[in-house]
Amino acid sequence: MKHCRLCNNKTQLQESHVIPKFVFKWMKKTGTGRFRQLKVLDKPLQDGIKDFLLCDTCEKKLGKKEKWFKENFFEPFLNYSNTKFECNNELRVFAISILWRVLIYFKEDSNQYRFKNELDLAELEWRNFLNIGSTLNYFQSIHIAFIPEKLNIEGGGEYLYSYFHRAVDIEIVESNMKSFIYAKFSRFIFFGLIKGISDNTFKGTNIITSDILNPLDQEMDDADLVDFIINRSKNVKSYKDLSVNQQKQNDKYYEKRLDDIRGNDYWKTLMKDINK
Ligand SMILES: [Zn+2]
């Protein structure tokens with residue numbers, strides 16, 4: 001029996017997804033049938049990044065918001081390229097629940113963060129917001145970026161499209177002066193500013209102060225934050241980085257699946273990277 005990280009009740013905890021399960025279902029459906037976590041390429045992740053964080057009640061509560069996001073943002077943007085999205089409390093709860101889970105997930109791995117005090121305060125403020133609807137006072141610079149179909153990024157790596165259109169990536173990002181929480185999946189990026197980055201460097205991405213979001217009318221001008229994201233795309237490891245044994249297993253797997261893969265979203269993304 002452990003304490004639920006959200007409501008603090010002592011109970012049997014559920015194995016929760018840090019990034020919602022529907023994302024991994026989508027990756028399976030539109031991809032190779034399996035996928036890899038960025039940092040641990042050796043280990044195919046069957047079902048995403050998980051941790052025991054929540055009780056059944058809290059898991060269900062957040063699960064409702066995930067379903068809402070899937071129906072109102074994820075599918076309309078990916079399938080129909082909608083250009084108008086309502087920015088309401090459902091979105092705010094969803095976004096903060098993701099960033100809060102990323103924060104908990106990494107903070108517990110005993111990393112020594114430079115801005116540990118701020119991270120602790122943000123964790124508490126976001127937790128109270130999710131739990132009892134408290135107002136946000138200090139950590140309300142929460143953003144969503146929609147990633148366009150056609151990328152125009154200078155200095156992107158070999159796997160630019162694979163990263164920006166499909167990869168799942170989470171992190172607590174820190175430099176000497178700046179800190180933010182980062183969560184990327186499919187063609188969405190969420191980030192919550194912790195320290196040293198001005199809200200004024202963004203246009204059309206803040207989900208707390210905006211009423212309507214238009215994916216075609218967004219700007220991010222913090223050079224460090226943008227550099228971080230582009231650098232992550234360069235870190236997507238390639239086939240060449242696998243051991244010979246892993247390559248063999250990989251080949252066997254893909255030979256069997258090639259006909260299924262060809263033509264789906266994963267394939268198209270791969271072709272964009274190869275033909276760039
Ligand atoms: Zn709970």
# chains A, B, ... in the order shown; residues from 1 in each chain; ligands from 1
>>> residues_around(residues="Ile49 (chain A)", least_positions_apart="3", cutoff="10 Å", atoms="only C-alpha atoms", output="ChimeraX atom specification")
/A:15-21,24,37,45-46,105,168-170
>>> select_by_dssp(residues="region 189-233 of chain A", states="strand (DSSP E)", output="PDB file with N, CA and C atoms, in the first residue's frame")
ATOM      1  N   ILE A 189       3.488  19.310 -28.738  1.00  0.00           N
ATOM      2  CA  ILE A 189       4.491  19.547 -27.701  1.00  0.00           C
ATOM      3  C   ILE A 189       3.826  20.353 -26.586  1.00  0.00           C
ATOM      4  N   PHE A 190       4.000  19.874 -25.352  1.00  0.00           N
ATOM      5  CA  PHE A 190       3.544  20.625 -24.186  1.00  0.00           C
ATOM      6  C   PHE A 190       4.765  21.072 -23.399  1.00  0.00           C
ATOM      7  N   PHE A 191       4.733  22.279 -22.887  1.00  0.00           N
ATOM      8  CA  PHE A 191       5.777  22.657 -21.946  1.00  0.00           C
ATOM      9  C   PHE A 191       5.241  23.624 -20.896  1.00  0.00           C
ATOM     10  N   GLY A 192       5.796  23.487 -19.709  1.00  0.00           N
ATOM     11  CA  GLY A 192       5.436  24.355 -18.586  1.00  0.00           C
ATOM     12  C   GLY A 192       6.700  25.050 -18.119  1.00  0.00           C
ATOM     13  N   LEU A 193       6.654  26.379 -18.106  1.00  0.00           N
ATOM     14  CA  LEU A 193       7.849  27.128 -17.746  1.00  0.00           C
ATOM     15  C   LEU A 193       8.051  27.145 -16.236  1.00  0.00           C
ATOM     16  N   ILE A 194       9.273  26.870 -15.806  1.00  0.00           N
ATOM     17  CA  ILE A 194       9.589  26.827 -14.385  1.00  0.00           C
ATOM     18  C   ILE A 194      10.414  28.040 -13.978  1.00  0.00           C
ATOM     19  N   LYS A 195      11.377  28.412 -14.830  1.00  0.00           N
ATOM     20  CA  LYS A 195      12.313  29.463 -14.408  1.00  0.00           C
ATOM     21  C   LYS A 195      13.000  30.105 -15.616  1.00  0.00           C
ATOM     22  N   PHE A 202       6.430  33.903 -26.527  1.00  0.00           N
ATOM     23  CA  PHE A 202       5.539  32.949 -27.216  1.00  0.00           C
ATOM     24  C   PHE A 202       4.302  33.673 -27.724  1.00  0.00           C
ATOM     25  N   LYS A 203       3.809  33.189 -28.832  1.00  0.00           N
ATOM     26  CA  LYS A 203       2.561  33.758 -29.356  1.00  0.00           C
ATOM     27  C   LYS A 203       1.604  32.616 -29.704  1.00  0.00           C
ATOM     28  N   ILE A 212      -8.842  30.747 -27.803  1.00  0.00           N
ATOM     29  CA  ILE A 212      -8.856  29.935 -29.018  1.00  0.00           C
ATOM     30  C   ILE A 212      -7.415  29.704 -29.449  1.00  0.00           C
ATOM     31  N   LEU A 213      -7.121  28.502 -29.925  1.00  0.00           N
ATOM     32  CA  LEU A 213      -5.784  28.219 -30.435  1.00  0.00           C
ATOM     33  C   LEU A 213      -5.869  27.911 -31.923  1.00  0.00           C
ATOM     34  N   GLU A 219       3.934  31.097 -32.431  1.00  0.00           N
ATOM     35  CA  GLU A 219       5.367  31.411 -32.528  1.00  0.00           C
ATOM     36  C   GLU A 219       6.069  31.126 -31.213  1.00  0.00           C
ATOM     37  N   MET A 220       7.300  30.621 -31.328  1.00  0.00           N
ATOM     38  CA  MET A 220       8.117  30.400 -30.131  1.00  0.00           C
ATOM     39  C   MET A 220       9.468  31.046 -30.393  1.00  0.00           C
TER      40      MET A 220
END
>>> residues_near_ligand(ligand="ligand 1", cutoff="6 Å", atoms="only C-alpha atoms and all ligand atoms", output="list in words")
Cys4, Leu6, Cys7, Asn9, Leu54, Cys55, Thr57 and Cys58 of chain A
>>> write_last_selection(atoms="C-alpha atoms", output="CSV table (one decimal), in the first residue's frame")
chain,number,residue,atom,x,y,z
A,4,CYS,CA,-1.5,8.2,-4.3
A,6,LEU,CA,-2.3,13.1,-6.5
A,7,CYS,CA,-4.9,12.7,-3.7
A,9,ASN,CA,-4.9,8.3,-0.2
A,54,LEU,CA,-2.1,7.0,-8.9
A,55,CYS,CA,-5.0,5.4,-7.1
A,57,THR,CA,-10.1,7.0,-8.6
A,58,CYS,CA,-7.4,9.5,-9.7
>>> residues_around(residues="Asp199 (chain A)", least_positions_apart="5", cutoff="10 Å", atoms="only C-alpha atoms", output="tab-separated table (two decimals) with N, CA and C atoms, in the first residue's frame")
chain	number	residue	atom	x	y	z
A	140	GLN	N	1.94	29.28	-14.16
A	140	GLN	CA	0.80	29.26	-15.06
A	140	GLN	C	1.19	29.57	-16.50
A	141	SER	N	2.47	29.43	-16.80
A	141	SER	CA	2.92	29.59	-18.18
A	141	SER	C	2.98	28.20	-18.80
A	142	ILE	N	1.81	27.74	-19.26
A	142	ILE	CA	1.66	26.37	-19.77
A	142	ILE	C	1.32	26.47	-21.26
A	143	HIS	N	2.04	25.75	-22.08
A	143	HIS	CA	1.91	25.94	-23.53
A	143	HIS	C	1.69	24.64	-24.29
A	193	LEU	N	6.65	26.38	-18.11
A	193	LEU	CA	7.85	27.13	-17.75
A	193	LEU	C	8.05	27.15	-16.24
A	205	THR	N	0.38	30.17	-27.95
A	205	THR	CA	0.60	28.82	-27.41
A	205	THR	C	0.15	28.67	-25.95
A	206	ASN	N	-0.01	29.78	-25.25
A	206	ASN	CA	-0.34	29.70	-23.82
A	206	ASN	C	-1.79	29.26	-23.62
A	220	MET	N	7.30	30.62	-31.33
A	220	MET	CA	8.12	30.40	-30.13
A	220	MET	C	9.47	31.05	-30.39
A	221	ASP	N	9.82	32.04	-29.58
A	221	ASP	CA	11.04	32.81	-29.86
A	221	ASP	C	12.13	32.68	-28.80
A	222	ASP	N	11.94	31.78	-27.83
A	222	ASP	CA	13.04	31.58	-26.88
A	222	ASP	C	14.07	30.66	-27.53
>>> residues_around(residues="Arg92 (chain A)", least_positions_apart="3", cutoff="12 Å", atoms="only C-alpha atoms", output="CSV table (one decimal) with all heavy atoms, in the first residue's frame")
chain,number,residue,atom,x,y,z
A,62,LEU,N,-8.3,11.4,-14.4
A,62,LEU,CA,-7.4,11.9,-15.5
A,62,LEU,C,-7.7,11.2,-16.8
A,62,LEU,O,-7.5,11.8,-17.8
A,62,LEU,CB,-5.9,11.7,-15.1
A,62,LEU,CG,-5.5,12.5,-13.8
A,62,LEU,CD1,-4.0,12.3,-13.6
A,62,LEU,CD2,-5.8,13.9,-13.8
A,65,LYS,N,-10.1,13.1,-19.0
A,65,LYS,CA,-9.5,14.2,-19.7
A,65,LYS,C,-8.7,13.7,-20.9
A,65,LYS,O,-8.6,14.4,-21.9
A,65,LYS,CB,-8.6,15.0,-18.8
A,65,LYS,CG,-9.2,15.5,-17.5
A,65,LYS,CD,-10.4,16.4,-17.8
A,65,LYS,CE,-11.1,16.7,-16.5
A,65,LYS,NZ,-12.4,17.3,-16.7
A,66,GLU,N,-8.1,12.6,-20.8
A,66,GLU,CA,-7.3,12.0,-21.9
A,66,GLU,C,-8.2,11.7,-23.1
A,66,GLU,O,-8.0,12.0,-24.2
A,66,GLU,CB,-6.6,10.8,-21.5
A,66,GLU,CG,-5.4,11.1,-20.5
A,66,GLU,CD,-4.7,9.8,-19.9
A,66,GLU,OE1,-5.1,8.7,-20.4
A,66,GLU,OE2,-3.9,10.0,-19.1
A,68,TRP,N,-11.1,13.1,-23.6
A,68,TRP,CA,-11.5,14.4,-24.1
A,68,TRP,C,-10.5,14.9,-25.1
A,68,TRP,O,-10.8,15.4,-26.2
A,68,TRP,CB,-11.8,15.3,-23.0
A,68,TRP,CG,-12.2,16.7,-23.5
A,68,TRP,CD1,-13.5,17.1,-23.7
A,68,TRP,CD2,-11.4,17.8,-23.8
A,68,TRP,NE1,-13.5,18.4,-24.2
A,68,TRP,CE2,-12.2,18.8,-24.3
A,68,TRP,CE3,-10.0,18.0,-23.8
A,68,TRP,CZ2,-11.7,20.0,-24.7
A,68,TRP,CZ3,-9.5,19.2,-24.3
A,68,TRP,CH2,-10.3,20.2,-24.7
A,69,PHE,N,-9.2,14.9,-24.7
A,69,PHE,CA,-8.2,15.5,-25.6
A,69,PHE,C,-8.1,14.7,-26.9
A,69,PHE,O,-7.9,15.3,-28.0
A,69,PHE,CB,-6.8,15.4,-24.9
A,69,PHE,CG,-5.7,16.0,-25.7
A,69,PHE,CD1,-5.5,17.4,-25.7
A,69,PHE,CD2,-4.9,15.2,-26.4
A,69,PHE,CE1,-4.5,18.0,-26.5
A,69,PHE,CE2,-3.8,15.8,-27.2
A,69,PHE,CZ,-3.7,17.2,-27.3
A,86,GLU,N,-10.7,25.2,-29.2
A,86,GLU,CA,-11.2,25.9,-28.0
A,86,GLU,C,-10.3,25.6,-26.8
A,86,GLU,O,-9.9,24.4,-26.6
A,86,GLU,CB,-12.6,25.5,-27.7
A,86,GLU,CG,-13.3,26.5,-26.7
A,86,GLU,CD,-14.5,26.0,-26.1
A,86,GLU,OE1,-15.2,25.1,-26.8
A,86,GLU,OE2,-14.9,26.5,-25.0
A,87,CYS,N,-9.8,26.7,-26.2
A,87,CYS,CA,-8.9,26.5,-25.0
A,87,CYS,C,-9.8,26.6,-23.8
A,87,CYS,O,-10.1,27.7,-23.3
A,87,CYS,CB,-8.0,27.7,-25.1
A,87,CYS,SG,-6.4,27.3,-24.4
A,88,ASN,N,-10.1,25.5,-23.2
A,88,ASN,CA,-11.0,25.5,-22.0
A,88,ASN,C,-10.3,24.8,-20.8
A,88,ASN,O,-9.2,24.3,-20.9
A,88,ASN,CB,-12.3,24.9,-22.3
A,88,ASN,CG,-12.2,23.5,-22.9
A,88,ASN,OD1,-11.1,22.8,-22.6
A,88,ASN,ND2,-13.2,23.0,-23.5
A,89,ASN,N,-11.1,24.6,-19.8
A,89,ASN,CA,-10.6,24.0,-18.6
A,89,ASN,C,-10.2,22.5,-18.8
A,89,ASN,O,-9.2,22.0,-18.2
A,89,ASN,CB,-11.6,24.1,-17.4
A,89,ASN,CG,-10.9,24.0,-16.1
A,89,ASN,OD1,-9.9,24.6,-15.8
A,89,ASN,ND2,-11.3,23.0,-15.2
A,95,ALA,N,-3.4,19.1,-20.0
A,95,ALA,CA,-2.0,19.6,-20.2
A,95,ALA,C,-1.2,19.5,-18.8
A,95,ALA,O,-0.1,19.0,-18.8
A,95,ALA,CB,-1.9,21.0,-20.8
A,96,ILE,N,-1.8,20.1,-17.8
A,96,ILE,CA,-1.1,20.1,-16.5
A,96,ILE,C,-0.9,18.7,-15.9
A,96,ILE,O,0.1,18.4,-15.3
A,96,ILE,CB,-1.9,21.1,-15.5
A,96,ILE,CG1,-1.7,22.5,-16.0
A,96,ILE,CG2,-1.4,20.9,-14.1
A,96,ILE,CD1,-2.5,23.6,-15.3
A,97,SER,N,-1.9,17.8,-16.2
A,97,SER,CA,-1.8,16.4,-15.7
A,97,SER,C,-0.6,15.7,-16.4
A,97,SER,O,0.1,15.0,-15.7
A,97,SER,CB,-3.0,15.6,-15.9
A,97,SER,OG,-3.2,15.1,-17.2
A,98,ILE,N,-0.3,16.0,-17.6
A,98,ILE,CA,0.8,15.4,-18.3
A,98,ILE,C,2.1,16.0,-17.8
A,98,ILE,O,3.0,15.3,-17.4
A,98,ILE,CB,0.8,15.8,-19.8
A,98,ILE,CG1,-0.5,15.2,-20.5
A,98,ILE,CG2,2.0,15.3,-20.6
A,98,ILE,CD1,-0.5,13.7,-20.7
A,99,LEU,N,2.2,17.3,-17.7
A,99,LEU,CA,3.4,18.0,-17.2
A,99,LEU,C,3.7,17.6,-15.7
A,99,LEU,O,4.9,17.3,-15.4
A,99,LEU,CB,3.3,19.5,-17.4
A,99,LEU,CG,3.2,20.0,-18.8
A,99,LEU,CD1,2.9,21.4,-18.9
A,99,LEU,CD2,4.5,19.6,-19.6
A,100,TRP,N,2.7,17.5,-14.9
A,100,TRP,CA,2.8,17.1,-13.5
A,100,TRP,C,3.4,15.7,-13.4
A,100,TRP,O,4.3,15.4,-12.6
A,100,TRP,CB,1.5,17.2,-12.8
A,100,TRP,CG,1.5,16.7,-11.4
A,100,TRP,CD1,2.0,17.3,-10.3
A,100,TRP,CD2,1.0,15.4,-11.0
A,100,TRP,NE1,1.8,16.5,-9.2
A,100,TRP,CE2,1.2,15.4,-9.6
A,100,TRP,CE3,0.3,14.3,-11.6
A,100,TRP,CZ2,0.8,14.3,-8.8
A,100,TRP,CZ3,0.0,13.2,-10.8
A,100,TRP,CH2,0.2,13.2,-9.5
A,126,TRP,N,0.6,22.5,-9.2
A,126,TRP,CA,-0.1,21.8,-10.2
A,126,TRP,C,-1.0,20.6,-9.6
A,126,TRP,O,-2.1,20.4,-10.1
A,126,TRP,CB,0.9,21.2,-11.3
A,126,TRP,CG,1.5,22.3,-12.1
A,126,TRP,CD1,1.1,23.6,-12.2
A,126,TRP,CD2,2.6,22.1,-13.0
A,126,TRP,NE1,1.9,24.3,-13.1
A,126,TRP,CE2,2.9,23.4,-13.6
A,126,TRP,CE3,3.5,21.1,-13.3
A,126,TRP,CZ2,3.9,23.7,-14.5
A,126,TRP,CZ3,4.5,21.3,-14.2
A,126,TRP,CH2,4.7,22.6,-14.8
A,129,PHE,N,-4.0,22.1,-8.2
A,129,PHE,CA,-4.9,22.5,-9.3
A,129,PHE,C,-5.7,21.3,-9.8
A,129,PHE,O,-6.9,21.3,-10.0
A,129,PHE,CB,-4.1,23.1,-10.4
A,129,PHE,CG,-4.9,23.3,-11.7
A,129,PHE,CD1,-5.7,24.4,-11.9
A,129,PHE,CD2,-4.8,22.3,-12.7
A,129,PHE,CE1,-6.4,24.6,-13.1
A,129,PHE,CE2,-5.5,22.5,-13.9
A,129,PHE,CZ,-6.4,23.6,-14.1
A,130,LEU,N,-5.0,20.1,-9.9
A,130,LEU,CA,-5.6,18.9,-10.4
A,130,LEU,C,-6.5,18.3,-9.4
A,130,LEU,O,-7.6,17.8,-9.7
A,130,LEU,CB,-4.5,17.9,-10.8
A,130,LEU,CG,-3.6,18.2,-12.0
A,130,LEU,CD1,-2.5,17.2,-12.1
A,130,LEU,CD2,-4.4,18.3,-13.3
A,133,GLY,N,-8.8,22.0,-7.8
A,133,GLY,CA,-9.1,23.1,-8.6
A,133,GLY,C,-8.5,24.4,-8.1
A,133,GLY,O,-9.0,25.5,-8.5
A,135,THR,N,-6.4,27.8,-7.8
A,135,THR,CA,-5.9,28.7,-8.9
A,135,THR,C,-4.3,28.6,-9.0
A,135,THR,O,-3.6,28.3,-8.0
A,135,THR,CB,-6.2,30.2,-8.6
A,135,THR,OG1,-6.0,30.4,-7.3
A,135,THR,CG2,-7.6,30.5,-9.0
A,136,LEU,N,-3.9,28.8,-10.2
A,136,LEU,CA,-2.4,28.8,-10.4
A,136,LEU,C,-1.9,30.2,-10.2
A,136,LEU,O,-2.5,31.2,-10.7
A,136,LEU,CB,-2.1,28.4,-11.9
A,136,LEU,CG,-2.6,27.0,-12.3
A,136,LEU,CD1,-2.4,26.8,-13.8
A,136,LEU,CD2,-1.9,25.9,-11.5
A,140,GLN,N,1.9,29.3,-14.2
A,140,GLN,CA,0.8,29.3,-15.1
A,140,GLN,C,1.2,29.6,-16.5
A,140,GLN,O,0.4,29.9,-17.3
A,140,GLN,CB,-0.3,30.2,-14.6
A,140,GLN,CG,0.2,31.6,-14.3
A,140,GLN,CD,-0.9,32.5,-13.8
A,140,GLN,OE1,-2.0,32.4,-14.3
A,140,GLN,NE2,-0.6,33.4,-12.9
A,141,SER,N,2.5,29.4,-16.8
A,141,SER,CA,2.9,29.6,-18.2
A,141,SER,C,3.0,28.2,-18.8
A,141,SER,O,4.0,27.5,-18.8
A,141,SER,CB,4.3,30.3,-18.2
A,141,SER,OG,4.6,30.7,-19.5
A,142,ILE,N,1.8,27.7,-19.3
A,142,ILE,CA,1.7,26.4,-19.8
A,142,ILE,C,1.3,26.5,-21.3
A,142,ILE,O,0.4,27.2,-21.6
A,142,ILE,CB,0.5,25.6,-19.1
A,142,ILE,CG1,0.6,25.8,-17.5
A,142,ILE,CG2,0.4,24.2,-19.5
A,142,ILE,CD1,1.5,25.0,-16.8
A,143,HIS,N,2.0,25.7,-22.1
A,143,HIS,CA,1.9,25.9,-23.5
A,143,HIS,C,1.7,24.6,-24.3
A,143,HIS,O,2.1,23.6,-23.9
A,143,HIS,CB,3.2,26.6,-24.1
A,143,HIS,CG,3.5,27.9,-23.4
A,143,HIS,ND1,3.2,29.1,-24.0
A,143,HIS,CD2,4.0,28.2,-22.2
A,143,HIS,CE1,3.6,30.1,-23.2
A,143,HIS,NE2,4.1,29.6,-22.1
A,144,ILE,N,1.0,24.8,-25.4
A,144,ILE,CA,0.9,23.7,-26.4
A,144,ILE,C,1.4,24.2,-27.7
A,144,ILE,O,1.0,25.3,-28.2
A,144,ILE,CB,-0.6,23.2,-26.4
A,144,ILE,CG1,-0.7,22.0,-27.4
A,144,ILE,CG2,-1.5,24.2,-26.8
A,144,ILE,CD1,-2.0,21.3,-27.4
A,190,PHE,N,4.0,19.9,-25.4
A,190,PHE,CA,3.5,20.6,-24.2
A,190,PHE,C,4.8,21.1,-23.4
A,190,PHE,O,5.7,20.3,-23.3
A,190,PHE,CB,2.7,19.7,-23.3
A,190,PHE,CG,1.3,19.4,-23.9
A,190,PHE,CD1,1.2,18.3,-24.6
A,190,PHE,CD2,0.2,20.2,-23.6
A,190,PHE,CE1,-0.1,18.0,-25.2
A,190,PHE,CE2,-1.0,19.9,-24.2
A,190,PHE,CZ,-1.1,18.8,-25.0
A,191,PHE,N,4.7,22.3,-22.9
A,191,PHE,CA,5.8,22.7,-21.9
A,191,PHE,C,5.2,23.6,-20.9
A,191,PHE,O,4.3,24.4,-21.2
A,191,PHE,CB,7.0,23.2,-22.6
A,191,PHE,CG,6.8,24.3,-23.7
A,191,PHE,CD1,6.9,25.6,-23.4
A,191,PHE,CD2,6.4,23.9,-25.0
A,191,PHE,CE1,6.6,26.6,-24.3
A,191,PHE,CE2,6.2,24.9,-25.9
A,191,PHE,CZ,6.3,26.2,-25.6
A,192,GLY,N,5.8,23.5,-19.7
A,192,GLY,CA,5.4,24.4,-18.6
A,192,GLY,C,6.7,25.0,-18.1
A,192,GLY,O,7.7,24.4,-17.8
A,206,ASN,N,0.0,29.8,-25.2
A,206,ASN,CA,-0.3,29.7,-23.8
A,206,ASN,C,-1.8,29.3,-23.6
A,206,ASN,O,-2.7,29.9,-24.1
A,206,ASN,CB,-0.1,31.1,-23.1
A,206,ASN,CG,-0.2,31.0,-21.6
A,206,ASN,OD1,-1.1,30.3,-21.1
A,206,ASN,ND2,0.7,31.6,-20.9
A,207,ILE,N,-2.0,28.2,-22.9
A,207,ILE,CA,-3.3,27.6,-22.8
A,207,ILE,C,-4.1,28.2,-21.6
A,207,ILE,O,-5.3,27.9,-21.4
A,207,ILE,CB,-3.3,26.1,-22.7
A,207,ILE,CG1,-2.6,25.6,-21.4
A,207,ILE,CG2,-2.7,25.4,-23.9
A,207,ILE,CD1,-2.9,24.2,-21.1
A,208,ILE,N,-3.4,28.9,-20.8
A,208,ILE,CA,-4.1,29.5,-19.6
A,208,ILE,C,-4.7,30.9,-20.0
A,208,ILE,O,-5.8,31.2,-19.7
A,208,ILE,CB,-3.1,29.8,-18.4
A,208,ILE,CG1,-2.4,28.4,-18.1
A,208,ILE,CG2,-3.8,30.3,-17.2
A,208,ILE,CD1,-3.3,27.3,-17.6
A,209,THR,N,-3.9,31.6,-20.9
A,209,THR,CA,-4.4,33.0,-21.2
A,209,THR,C,-5.2,33.0,-22.6
A,209,THR,O,-5.8,34.0,-22.9
A,209,THR,CB,-3.2,34.0,-21.3
A,209,THR,OG1,-2.2,33.5,-22.2
A,209,THR,CG2,-2.6,34.1,-19.9
A,210,SER,N,-5.1,32.0,-23.4
A,210,SER,CA,-5.8,32.0,-24.7
A,210,SER,C,-7.2,31.4,-24.6
A,210,SER,O,-7.5,30.6,-23.7
A,210,SER,CB,-5.0,31.1,-25.7
A,210,SER,OG,-3.7,31.5,-25.8
A,211,ASP,N,-8.1,31.9,-25.4
A,211,ASP,CA,-9.4,31.4,-25.5
A,211,ASP,C,-9.5,30.4,-26.7
A,211,ASP,O,-10.2,29.4,-26.6
A,211,ASP,CB,-10.4,32.5,-25.8
A,211,ASP,CG,-10.5,33.4,-24.6
A,211,ASP,OD1,-10.4,32.9,-23.4
A,211,ASP,OD2,-10.6,34.6,-24.8
>>> atom_distance(atom1="CA of Leu119 (chain A)", atom2="CA of Leu13 (chain A)")
23.5 Å
>>> residues_around(residues="Ser81 (chain A)", least_positions_apart="4", cutoff="10 Å", atoms="only C-alpha atoms", output="compact mmCIF listing (two decimals) with C-alpha atoms, in the first residue's frame")
# COMPACT_ATOMS: atom_id res chain seq x y z
CA PHE A 73 -7.57 17.80 -30.23
CA PHE A 74 -5.64 14.68 -31.19
CA GLU A 75 -7.96 13.27 -33.84
CA PRO A 76 -9.21 16.58 -35.29
CA PHE A 77 -5.65 17.87 -35.73
CA PRO A 148 2.90 21.35 -38.79
CA GLU A 149 2.63 18.74 -41.51
CA PRO A 215 -2.07 25.81 -35.07
CA LEU A 216 -1.17 28.06 -38.02
>>> closest_residue(among="A:Arg166, A:Phe94, A:Ala122, A:Lys178", to="Lys61 (chain A)", atoms="only C-alpha atoms")
A:Phe94
>>> atom_distance(atom1="CA of Lys234 (chain A)", atom2="CA of Leu151 (chain A)")
14.5 Å
>>> residues_around(residues="Asn176 (chain A)", least_positions_apart="6", cutoff="12 Å", atoms="only C-alpha atoms", output="list in words")
Tyr113, Arg114, Phe115, Lys195, Gly196, Ile197 and Asp224 of chain A
>>> select_by_dssp(residues="region 3-244 of chain A", states="alpha helix (DSSP H)", output="ChimeraX atom specification")
/A:21-30,56-69,75-80,89-107,116-132,160-166,223-234,244
>>> atom_distance(atom1="CA of Gln218 (chain A)", atom2="CA of Gly204 (chain A)")
4.7 Å
>>> closest_residue(among="A:Lys70, A:Glu125, A:Val173, A:Asn214", to="Ile229 (chain A)", atoms="only C-alpha atoms")
A:Val173
